[in-house]
$ cat query_21.pdb   # PDB, C-alpha atoms, pLDDT in the B column
ATOM      1  CA  MET V   9     -14.294  -4.211   3.371  1.00 40.00           C
ATOM      2  CA  THR V  10     -15.998  -0.880   2.676  1.00 39.00           C
ATOM      3  CA  ASN V  11     -19.003  -0.531   0.408  1.00 38.00           C
ATOM      4  CA  THR V  12     -16.977   1.345  -2.210  1.00 37.00           C
ATOM      5  CA  LYS V  13     -17.843  -1.185  -4.912  1.00 37.00           C
ATOM      6  CA  LYS V  14     -21.531  -0.481  -4.491  1.00 34.00           C
ATOM      7  CA  ILE V  15     -20.880   3.236  -4.814  1.00 39.00           C
ATOM      8  CA  LEU V  16     -18.780   2.801  -7.921  1.00 40.00           C
ATOM      9  CA  THR V  17     -20.965   0.521 -10.022  1.00 39.00           C
ATOM     10  CA  GLY V  18     -23.957   2.868 -10.376  1.00 40.00           C
ATOM     11  CA  ASN V  19     -25.151   3.483 -13.942  1.00 44.00           C
ATOM     12  CA  PHE V  20     -21.756   4.327 -15.379  1.00 42.00           C
ATOM     13  CA  SER V  21     -20.734   2.260 -18.383  1.00 52.00           C
ATOM     14  CA  PRO V  22     -17.948   1.561 -18.832  1.00 82.00           C
ATOM     15  CA  SER V  23     -16.645   2.347 -15.359  1.00 93.00           C
ATOM     16  CA  VAL V  24     -12.933   2.750 -14.657  1.00 97.00           C
ATOM     17  CA  THR V  25     -11.999   3.264 -11.028  1.00 97.00           C
ATOM     18  CA  VAL V  26      -8.498   4.509 -10.273  1.00 98.00           C
ATOM     19  CA  SER V  27      -6.495   4.949  -7.084  1.00 97.00           C
ATOM     20  CA  ILE V  28      -3.103   6.663  -6.855  1.00 96.00           C
ATOM     21  CA  HIS V  29      -0.711   6.145  -3.982  1.00 96.00           C
ATOM     22  CA  GLN V  30       2.973   5.930  -3.133  1.00 96.00           C
ATOM     23  CA  PRO V  31       4.152   2.296  -2.764  1.00 97.00           C
ATOM     24  CA  ASN V  32       4.666   2.160   1.004  1.00 97.00           C
ATOM     25  CA  TYR V  33       6.448  -0.673   2.810  1.00 98.00           C
ATOM     26  CA  ILE V  34       4.122  -3.620   3.606  1.00 98.00           C
ATOM     27  CA  PRO V  35       1.196  -1.164   3.967  1.00 98.00           C
ATOM     28  CA  TRP V  36      -1.732  -1.242   6.375  1.00 97.00           C
ATOM     29  CA  LEU V  37      -5.199  -2.607   5.623  1.00 97.00           C
ATOM     30  CA  GLY V  38      -6.652   0.729   4.492  1.00 96.00           C
ATOM     31  CA  PHE V  39      -4.168   0.937   1.638  1.00 96.00           C
ATOM     32  CA  PHE V  40      -5.331  -2.430   0.318  1.00 97.00           C
ATOM     33  CA  ASP V  41      -9.005  -1.519   0.763  1.00 96.00           C
ATOM     34  CA  LYS V  42      -8.437   1.379  -1.616  1.00 96.00           C
ATOM     35  CA  VAL V  43      -6.374  -0.554  -4.148  1.00 96.00           C
ATOM     36  CA  MET V  44      -8.597  -3.656  -4.152  1.00 95.00           C
ATOM     37  CA  ASN V  45     -11.617  -1.462  -4.927  1.00 94.00           C
ATOM     38  CA  SER V  46      -9.829  -0.054  -7.981  1.00 96.00           C
ATOM     39  CA  ASP V  47      -9.604  -1.222 -11.564  1.00 96.00           C
ATOM     40  CA  ILE V  48      -6.225   0.511 -11.878  1.00 97.00           C
ATOM     41  CA  TYR V  49      -3.708   1.256  -9.141  1.00 98.00           C
ATOM     42  CA  VAL V  50      -1.211   3.963 -10.099  1.00 98.00           C
ATOM     43  CA  VAL V  51       2.136   3.691  -8.337  1.00 98.00           C
ATOM     44  CA  PHE V  52       3.011   7.327  -7.605  1.00 97.00           C
ATOM     45  CA  ASP V  53       6.719   6.962  -8.320  1.00 96.00           C
ATOM     46  CA  ASP V  54       7.696  10.308  -9.847  1.00 96.00           C
ATOM     47  CA  VAL V  55       6.872  12.497  -6.862  1.00 94.00           C
ATOM     48  CA  GLN V  56       9.307  13.584  -4.179  1.00 93.00           C
ATOM     49  CA  TYR V  57      10.204  11.020  -1.566  1.00 94.00           C
ATOM     50  CA  PRO V  58       9.296  12.192   1.975  1.00 92.00           C
ATOM     51  CA  ARG V  59      12.251  13.359   4.039  1.00 85.00           C
ATOM     52  CA  GLY V  60      10.681  12.939   7.479  1.00 84.00           C
ATOM     53  CA  LYS V  61       9.411   9.815   9.210  1.00 88.00           C
ATOM     54  CA  ASP V  62       6.939   8.084   6.950  1.00 92.00           C
ATOM     55  CA  PHE V  63       5.417   4.717   6.094  1.00 96.00           C
ATOM     56  CA  ALA V  64       7.404   4.771   2.856  1.00 96.00           C
ATOM     57  CA  ASN V  65      10.192   2.693   4.394  1.00 97.00           C
ATOM     58  CA  ARG V  66       8.733   1.383   7.647  1.00 98.00           C
ATOM     59  CA  ASN V  67       5.731  -0.285   9.209  1.00 98.00           C
ATOM     60  CA  GLN V  68       4.661  -2.094  12.357  1.00 98.00           C
ATOM     61  CA  ILE V  69       4.086  -5.713  13.284  1.00 98.00           C
ATOM     62  CA  LYS V  70       2.685  -7.154  16.518  1.00 98.00           C
ATOM     63  CA  THR V  71       4.878  -8.798  19.130  1.00 97.00           C
ATOM     64  CA  ASN V  72       4.288 -10.275  22.567  1.00 95.00           C
ATOM     65  CA  ASN V  73       5.245  -6.834  23.940  1.00 95.00           C
ATOM     66  CA  GLY V  74       3.091  -4.706  21.645  1.00 96.00           C
ATOM     67  CA  LYS V  75       4.031  -3.031  18.362  1.00 97.00           C
ATOM     68  CA  LEU V  76       7.456  -3.185  16.703  1.00 98.00           C
ATOM     69  CA  TRP V  77       8.696  -0.923  13.911  1.00 98.00           C
ATOM     70  CA  LEU V  78      10.423  -2.560  10.946  1.00 98.00           C
ATOM     71  CA  THR V  79      12.449   0.191   9.257  1.00 98.00           C
ATOM     72  CA  ILE V  80      14.453   0.083   6.029  1.00 97.00           C
ATOM     73  CA  PRO V  81      17.584   2.297   6.051  1.00 96.00           C
ATOM     74  CA  ILE V  82      17.564   4.701   3.097  1.00 95.00           C
ATOM     75  CA  LYS V  83      20.474   6.186   1.144  1.00 93.00           C
ATOM     76  CA  ASP V  84      20.586  10.005   0.933  1.00 85.00           C
ATOM     77  CA  LYS V  85      17.172  10.378   2.547  1.00 74.00           C
ATOM     78  CA  SER V  86      17.674  14.103   3.101  1.00 71.00           C
ATOM     79  CA  SER V  87      18.131  14.782  -0.623  1.00 79.00           C
ATOM     80  CA  LEU V  88      15.282  15.822  -2.910  1.00 85.00           C
ATOM     81  CA  LYS V  89      14.927  12.570  -4.839  1.00 93.00           C
ATOM     82  CA  LEU V  90      11.929  11.074  -6.575  1.00 95.00           C
ATOM     83  CA  TRP V  91      10.393   7.890  -5.242  1.00 96.00           C
ATOM     84  CA  LYS V  92      11.640   5.849  -8.193  1.00 96.00           C
ATOM     85  CA  ASP V  93      15.246   6.889  -7.512  1.00 96.00           C
ATOM     86  CA  ILE V  94      15.368   5.904  -3.839  1.00 96.00           C
ATOM     87  CA  GLN V  95      17.781   3.143  -2.844  1.00 96.00           C
ATOM     88  CA  TYR V  96      18.106   1.353   0.454  1.00 96.00           C
ATOM     89  CA  ILE V  97      21.269   0.553   2.378  1.00 95.00           C
ATOM     90  CA  ASP V  98      22.219  -3.118   2.402  1.00 90.00           C
ATOM     91  CA  ASN V  99      23.363  -3.472   6.009  1.00 92.00           C
ATOM     92  CA  GLY V 100      21.651  -6.721   6.961  1.00 94.00           C
ATOM     93  CA  TRP V 101      18.224  -5.232   7.634  1.00 97.00           C
ATOM     94  CA  LYS V 102      16.478  -7.874   5.500  1.00 97.00           C
ATOM     95  CA  ALA V 103      17.677 -10.697   7.712  1.00 97.00           C
ATOM     96  CA  LYS V 104      16.637  -8.728  10.797  1.00 98.00           C
ATOM     97  CA  HIS V 105      13.146  -8.038   9.454  1.00 98.00           C
ATOM     98  CA  LEU V 106      12.643 -11.652   8.433  1.00 98.00           C
ATOM     99  CA  LYS V 107      13.884 -12.833  11.816  1.00 98.00           C
ATOM    100  CA  ASN V 108      11.439 -10.580  13.634  1.00 98.00           C
ATOM    101  CA  ILE V 109       8.579 -11.691  11.398  1.00 98.00           C
ATOM    102  CA  GLU V 110       9.482 -15.326  12.022  1.00 98.00           C
ATOM    103  CA  SER V 111       9.825 -14.847  15.784  1.00 98.00           C
ATOM    104  CA  PHE V 112       6.413 -13.257  16.269  1.00 98.00           C
ATOM    105  CA  TYR V 113       4.328 -15.021  13.598  1.00 98.00           C
ATOM    106  CA  LYS V 114       5.726 -18.565  13.537  1.00 97.00           C
ATOM    107  CA  LYS V 115       2.736 -19.771  15.574  1.00 97.00           C
ATOM    108  CA  SER V 116       0.181 -18.117  13.290  1.00 98.00           C
ATOM    109  CA  ASP V 117      -2.086 -20.326  11.176  1.00 97.00           C
ATOM    110  CA  TYR V 118      -0.610 -19.268   7.835  1.00 98.00           C
ATOM    111  CA  PHE V 119       3.045 -18.736   8.661  1.00 98.00           C
ATOM    112  CA  GLU V 120       4.237 -21.785   6.717  1.00 97.00           C
ATOM    113  CA  THR V 121       2.168 -20.711   3.713  1.00 97.00           C
ATOM    114  CA  TYR V 122       3.523 -17.182   3.349  1.00 97.00           C
ATOM    115  CA  TYR V 123       6.886 -16.897   5.046  1.00 98.00           C
ATOM    116  CA  PRO V 124       8.829 -18.731   2.272  1.00 97.00           C
ATOM    117  CA  LYS V 125       7.264 -16.393  -0.289  1.00 97.00           C
ATOM    118  CA  LEU V 126       8.424 -13.381   1.705  1.00 97.00           C
ATOM    119  CA  GLU V 127      11.915 -14.836   1.839  1.00 97.00           C
ATOM    120  CA  ASN V 128      11.937 -15.143  -1.949  1.00 97.00           C
ATOM    121  CA  ILE V 129      10.943 -11.506  -2.402  1.00 97.00           C
ATOM    122  CA  PHE V 130      13.569 -10.296   0.052  1.00 97.00           C
ATOM    123  CA  SER V 131      16.250 -12.398  -1.637  1.00 95.00           C
ATOM    124  CA  LYS V 132      16.143 -10.369  -4.872  1.00 92.00           C
ATOM    125  CA  ASN V 133      19.463  -8.718  -5.644  1.00 87.00           C
ATOM    126  CA  ASN V 134      18.624  -5.041  -6.045  1.00 87.00           C
ATOM    127  CA  ASP V 135      18.590  -1.926  -3.863  1.00 93.00           C
ATOM    128  CA  SER V 136      15.472  -0.178  -5.173  1.00 96.00           C
ATOM    129  CA  LEU V 137      12.972   0.595  -2.436  1.00 97.00           C
ATOM    130  CA  MET V 138      10.185   1.051  -4.967  1.00 97.00           C
ATOM    131  CA  GLU V 139      10.800  -2.331  -6.602  1.00 97.00           C
ATOM    132  CA  LEU V 140      10.831  -4.094  -3.251  1.00 97.00           C
ATOM    133  CA  ASN V 141       7.674  -2.371  -2.023  1.00 98.00           C
ATOM    134  CA  VAL V 142       5.779  -2.977  -5.263  1.00 97.00           C
ATOM    135  CA  ASP V 143       6.794  -6.652  -5.219  1.00 97.00           C
ATOM    136  CA  LEU V 144       5.401  -6.949  -1.682  1.00 97.00           C
ATOM    137  CA  ILE V 145       2.180  -5.171  -2.656  1.00 97.00           C
ATOM    138  CA  LYS V 146       1.742  -7.449  -5.685  1.00 96.00           C
ATOM    139  CA  PHE V 147       2.346 -10.487  -3.476  1.00 96.00           C
ATOM    140  CA  VAL V 148      -0.500  -9.514  -1.137  1.00 96.00           C
ATOM    141  CA  LEU V 149      -2.849  -8.659  -4.020  1.00 96.00           C
ATOM    142  CA  GLU V 150      -2.181 -12.041  -5.611  1.00 94.00           C
ATOM    143  CA  GLU V 151      -2.936 -13.862  -2.363  1.00 93.00           C
ATOM    144  CA  PHE V 152      -6.142 -11.867  -1.843  1.00 93.00           C
ATOM    145  CA  ALA V 153      -7.399 -12.074  -5.444  1.00 87.00           C
ATOM    146  CA  MET V 154      -9.582 -15.164  -4.784  1.00 61.00           C
ATOM    147  CA  GLY V 155     -10.605 -15.411  -8.439  1.00 58.00           C
ATOM    148  CA  SER V 156     -12.028 -11.880  -8.522  1.00 60.00           C
ATOM    149  CA  GLY V 157      -9.151 -10.433 -10.503  1.00 70.00           C
ATOM    150  CA  GLN V 158      -6.574  -7.859  -9.493  1.00 85.00           C
ATOM    151  CA  PRO V 159      -6.223  -4.186 -10.254  1.00 94.00           C
ATOM    152  CA  LYS V 160      -3.959  -3.332 -13.149  1.00 95.00           C
ATOM    153  CA  ILE V 161      -0.786  -1.657 -11.880  1.00 97.00           C
ATOM    154  CA  VAL V 162       0.738   1.260 -13.798  1.00 97.00           C
ATOM    155  CA  TYR V 163       3.452   3.772 -12.897  1.00 98.00           C
ATOM    156  CA  SER V 164       2.874   7.505 -12.878  1.00 97.00           C
ATOM    157  CA  SER V 165       6.349   8.021 -14.415  1.00 97.00           C
ATOM    158  CA  ASP V 166       5.068   6.303 -17.564  1.00 97.00           C
ATOM    159  CA  ILE V 167       2.344   8.951 -17.943  1.00 96.00           C
ATOM    160  CA  LYS V 168       4.417  11.953 -18.994  1.00 92.00           C
ATOM    161  CA  THR V 169       3.433  15.452 -17.882  1.00 94.00           C
ATOM    162  CA  ASP V 170       5.019  18.608 -16.481  1.00 93.00           C
ATOM    163  CA  LYS V 171       2.005  19.228 -14.274  1.00 94.00           C
ATOM    164  CA  THR V 172       2.168  18.948 -10.496  1.00 92.00           C
ATOM    165  CA  GLY V 173      -0.193  18.491  -7.561  1.00 92.00           C
ATOM    166  CA  LEU V 174      -3.879  18.093  -8.363  1.00 94.00           C
ATOM    167  CA  GLU V 175      -3.348  18.931 -12.041  1.00 95.00           C
ATOM    168  CA  LYS V 176      -0.929  16.010 -12.306  1.00 96.00           C
ATOM    169  CA  ILE V 177      -3.491  13.673 -10.765  1.00 96.00           C
ATOM    170  CA  LEU V 178      -6.217  14.890 -13.103  1.00 97.00           C
ATOM    171  CA  HIS V 179      -3.905  14.401 -16.086  1.00 97.00           C
ATOM    172  CA  ILE V 180      -3.176  10.814 -15.018  1.00 97.00           C
ATOM    173  CA  LEU V 181      -6.880  10.117 -14.580  1.00 97.00           C
ATOM    174  CA  SER V 182      -7.638  11.573 -17.999  1.00 96.00           C
ATOM    175  CA  GLU V 183      -4.956   9.451 -19.676  1.00 97.00           C
ATOM    176  CA  LEU V 184      -6.431   6.333 -18.026  1.00 97.00           C
ATOM    177  CA  ASN V 185     -10.018   7.272 -19.004  1.00 97.00           C
ATOM    178  CA  ALA V 186     -10.994   7.189 -15.338  1.00 97.00           C
ATOM    179  CA  THR V 187     -14.645   7.630 -14.401  1.00 97.00           C
ATOM    180  CA  HIS V 188     -14.039   7.356 -10.635  1.00 97.00           C
ATOM    181  CA  TYR V 189     -11.179   8.292  -8.349  1.00 97.00           C
ATOM    182  CA  ILE V 190     -10.834   6.915  -4.825  1.00 96.00           C
ATOM    183  CA  SER V 191      -9.227   9.371  -2.450  1.00 93.00           C
ATOM    184  CA  GLY V 192      -8.271   9.009   1.167  1.00 84.00           C
ATOM    185  CA  SER V 193     -10.188  11.289   3.516  1.00 75.00           C
ATOM    186  CA  GLY V 194      -7.285  12.345   5.736  1.00 70.00           C
ATOM    187  CA  GLU V 195      -5.786  15.817   6.083  1.00 65.00           C
ATOM    188  CA  GLY V 196      -3.212  15.155   3.370  1.00 61.00           C
ATOM    189  CA  SER V 197      -5.885  14.438   0.756  1.00 63.00           C
ATOM    190  CA  ASN V 198      -8.210  17.219   1.882  1.00 67.00           C
ATOM    191  CA  ARG V 199      -5.375  19.703   1.461  1.00 70.00           C
ATOM    192  CA  TYR V 200      -5.175  19.357  -2.328  1.00 74.00           C
ATOM    193  CA  ILE V 201      -8.505  17.877  -3.440  1.00 85.00           C
ATOM    194  CA  ASP V 202     -10.898  20.267  -5.194  1.00 87.00           C
ATOM    195  CA  GLU V 203     -14.162  18.439  -5.857  1.00 90.00           C
ATOM    196  CA  GLU V 204     -15.294  20.943  -8.486  1.00 92.00           C
ATOM    197  CA  LYS V 205     -12.298  20.140 -10.670  1.00 94.00           C
ATOM    198  CA  PHE V 206     -13.201  16.459 -10.624  1.00 93.00           C
ATOM    199  CA  THR V 207     -16.765  17.319 -11.592  1.00 93.00           C
ATOM    200  CA  ASP V 208     -15.495  19.555 -14.402  1.00 94.00           C
ATOM    201  CA  ASN V 209     -13.472  16.594 -15.707  1.00 94.00           C
ATOM    202  CA  ASN V 210     -16.424  14.164 -15.473  1.00 95.00           C
ATOM    203  CA  ILE V 211     -14.764  12.117 -12.754  1.00 96.00           C
ATOM    204  CA  LYS V 212     -16.694  10.894  -9.736  1.00 96.00           C
ATOM    205  CA  LEU V 213     -14.717  11.567  -6.560  1.00 95.00           C
ATOM    206  CA  VAL V 214     -15.167   8.780  -4.013  1.00 94.00           C
ATOM    207  CA  TRP V 215     -13.931   9.442  -0.484  1.00 93.00           C
ATOM    208  CA  GLN V 216     -12.601   6.388   1.271  1.00 93.00           C
ATOM    209  CA  GLU V 217     -14.272   6.202   4.676  1.00 90.00           C
ATOM    210  CA  TYR V 218     -12.463   3.253   6.233  1.00 93.00           C
ATOM    211  CA  THR V 219     -13.405   1.571   9.486  1.00 94.00           C
ATOM    212  CA  HIS V 220     -10.671  -0.742  10.713  1.00 97.00           C
ATOM    213  CA  PRO V 221     -11.975  -4.289  11.298  1.00 97.00           C
ATOM    214  CA  GLU V 222     -10.987  -6.662  14.061  1.00 97.00           C
ATOM    215  CA  TYR V 223      -9.685 -10.125  13.238  1.00 98.00           C
ATOM    216  CA  LYS V 224      -7.870 -12.975  14.896  1.00 96.00           C
ATOM    217  CA  GLN V 225      -4.446 -11.959  16.238  1.00 97.00           C
ATOM    218  CA  LEU V 226      -1.701 -13.510  18.285  1.00 96.00           C
ATOM    219  CA  HIS V 227      -0.263 -11.969  21.458  1.00 95.00           C
ATOM    220  CA  GLY V 228      -3.307 -10.796  23.393  1.00 94.00           C
ATOM    221  CA  GLU V 229      -5.505  -7.735  22.961  1.00 96.00           C
ATOM    222  CA  PHE V 230      -6.267  -6.630  19.406  1.00 98.00           C
ATOM    223  CA  ILE V 231      -4.071  -3.875  17.949  1.00 98.00           C
ATOM    224  CA  PRO V 232      -5.231  -2.065  14.767  1.00 98.00           C
ATOM    225  CA  TYR V 233      -3.276  -0.196  12.069  1.00 97.00           C
ATOM    226  CA  LEU V 234      -0.502  -2.741  11.651  1.00 98.00           C
ATOM    227  CA  SER V 235       1.138  -3.944   8.452  1.00 98.00           C
ATOM    228  CA  ILE V 236      -1.014  -6.125   6.204  1.00 98.00           C
ATOM    229  CA  LEU V 237       1.344  -8.989   7.112  1.00 98.00           C
ATOM    230  CA  ASP V 238      -0.413  -9.288  10.468  1.00 98.00           C
ATOM    231  CA  LEU V 239      -3.733  -9.991   8.759  1.00 98.00           C
ATOM    232  CA  LEU V 240      -2.167 -12.273   6.148  1.00 98.00           C
ATOM    233  CA  PHE V 241      -0.379 -14.530   8.637  1.00 98.00           C
ATOM    234  CA  ASN V 242      -3.375 -14.762  10.942  1.00 98.00           C
ATOM    235  CA  GLU V 243      -6.259 -15.070   8.479  1.00 97.00           C
ATOM    236  CA  GLY V 244      -4.737 -16.139   5.148  1.00 96.00           C
ATOM    237  CA  LYS V 245      -6.902 -15.597   2.066  1.00 94.00           C
ATOM    238  CA  LYS V 246      -9.868 -14.862   4.326  1.00 95.00           C
ATOM    239  CA  GLY V 247      -8.136 -11.549   4.869  1.00 95.00           C
ATOM    240  CA  ALA V 248      -9.499 -10.381   1.496  1.00 94.00           C
ATOM    241  CA  ARG V 249     -13.014 -10.370   2.949  1.00 94.00           C
ATOM    242  CA  ILE V 250     -11.845  -8.794   6.209  1.00 96.00           C
ATOM    243  CA  VAL V 251      -9.931  -5.858   4.708  1.00 95.00           C
TER     244      VAL V 251
END
$ encode --input "query_21.pdb" --output "structure tokens"
Amino acid sequence: MTNTKKILTGNFSPSVTVSIHQPNYIPWLGFFDKVMNSDIYVVFDDVQYPRGKDFANRNQIKTNNGKLWLTIPIKDKSSLKLWKDIQYIDNGWKAKHLKNIESFYKKSDYFETYYPKLENIFSKNNDSLMELNVDLIKFVLEEFAMGSGQPKIVYSSDIKTDKTGLEKILHILSELNATHYISGSGEGSNRYIDEEKFTDNNIKLVWQEYTHPEYKQLHGEFIPYLSILDLLFNEGKKGARIV
């Protein structure tokens, strides 16, 4: 795990660290590094859903032949809908995803521990992508909590504002009394982040500099940047320290 916690504690009292991110499908380790180092995770659900290929509705697992995409079919993906309004198509994809997960992780150390829990989440009778993804994120956070507590989860749609872009983020942070904001350091974040505006609002901007760890995997040579499920099935709760 990164040293973000050390950066955030400092001499600030009280300290409220916030991260904001769309609820992607069974996200990668870096997503959980950011969220687990936060006091509050804001589900960014009232922004436009991406129309191109994205991790919003797909992610990768490891097989004996390399990486495999697990993709959720989306209704009206080309339309300009908000995240919270996105529905998936019920065409049997859940059974296919579960079958692939079972096929390639059934020999992992923690398969019997977590696979039934995944089945329960997938069995819910709704077609909301956001609800499914948030349920899966909560499931991983609960397994990784290890007595250290979990971030509070709130939804950006519950924090009303007409602002957009960076001003929307700053409004959310203000409403949550944030003292620190964890931002990814990729091109997407760099495009809209203005450090001076965070300083003007008395918010410490913390860039997430994430180095992907190696851990025990099945199926040969280590492959990074997979879904968190790969870490969970192979390392169990120890994954919390590995992230």
$ resolve_selection --input "query_21.pdb" --expression "the PyMOL selection byres ((chain V and resi 42) around 12)" --output "VMD selection string"
chain V and resid 9 to 13 25 to 29 35 to 41 43 to 50 149 159 189 to 193 214 to 218 251
$ closest_residue --input "query_21.pdb" --among "V:Glu204, V:Glu150, V:Asp135, V:Glu229" --to "V:Lys70" --atoms "all atoms listed in the file"
V:Glu229
$ axis_aligned_box --input "query_21.pdb" --around "stretch 81-100 of chain V" --padding-each-side "5 Å" --output "lines of an AutoDock Vina configuration file"
center_x = 16.9
center_y = 4.6
center_z = -0.6
size_x = 23.0
size_y = 32.5
size_z = 25.2
$ resolve_selection --input "query_21.pdb" --expression "the PyMOL selection byres ((chain V and resi 188) around 6)" --output "list in words"
Thr25, Ala186, Thr187, Tyr189, Ile211, Lys212 and Leu213 of chain V
$ residues_around --input "query_21.pdb" --residues "V:Lys85" --least-positions-apart "3" --cutoff "9 Å" --atoms "all atoms listed in the file" --output "PyMOL selection string"
chain V and resi 57-60+81-82+88-89+94
$ atom_distance --input "query_21.pdb" --atom1 "atom CA of V:Asn242" --atom2 "atom CA of V:Lys224"
6.2 Å
$ closest_atom_pairs --input "query_21.pdb" --of "stretch 162-241 of chain V" --to "stretch 108-116 of chain V" --cutoff "12 Å" --atoms "all atoms listed in the file" --output "tab-separated table"
residue	atom	partner	partner_atom	distance
V:Lys224	CA	V:Ser116	CA	9.7
V:Gln225	CA	V:Ser116	CA	8.2
V:Leu226	CA	V:Ser116	CA	7.1
V:His227	CA	V:Phe112	CA	8.6
V:Ser235	CA	V:Ile109	CA	11.1
V:Leu237	CA	V:Ile109	CA	8.8
V:Asp238	CA	V:Tyr113	CA	8.1
V:Leu239	CA	V:Ser116	CA	10.1
V:Leu240	CA	V:Ser116	CA	9.5
V:Phe241	CA	V:Ser116	CA	5.9
$ atom_distance --input "query_21.pdb" --atom1 "atom CA of V:Pro31" --atom2 "atom CA of V:Glu139"
9.0 Å
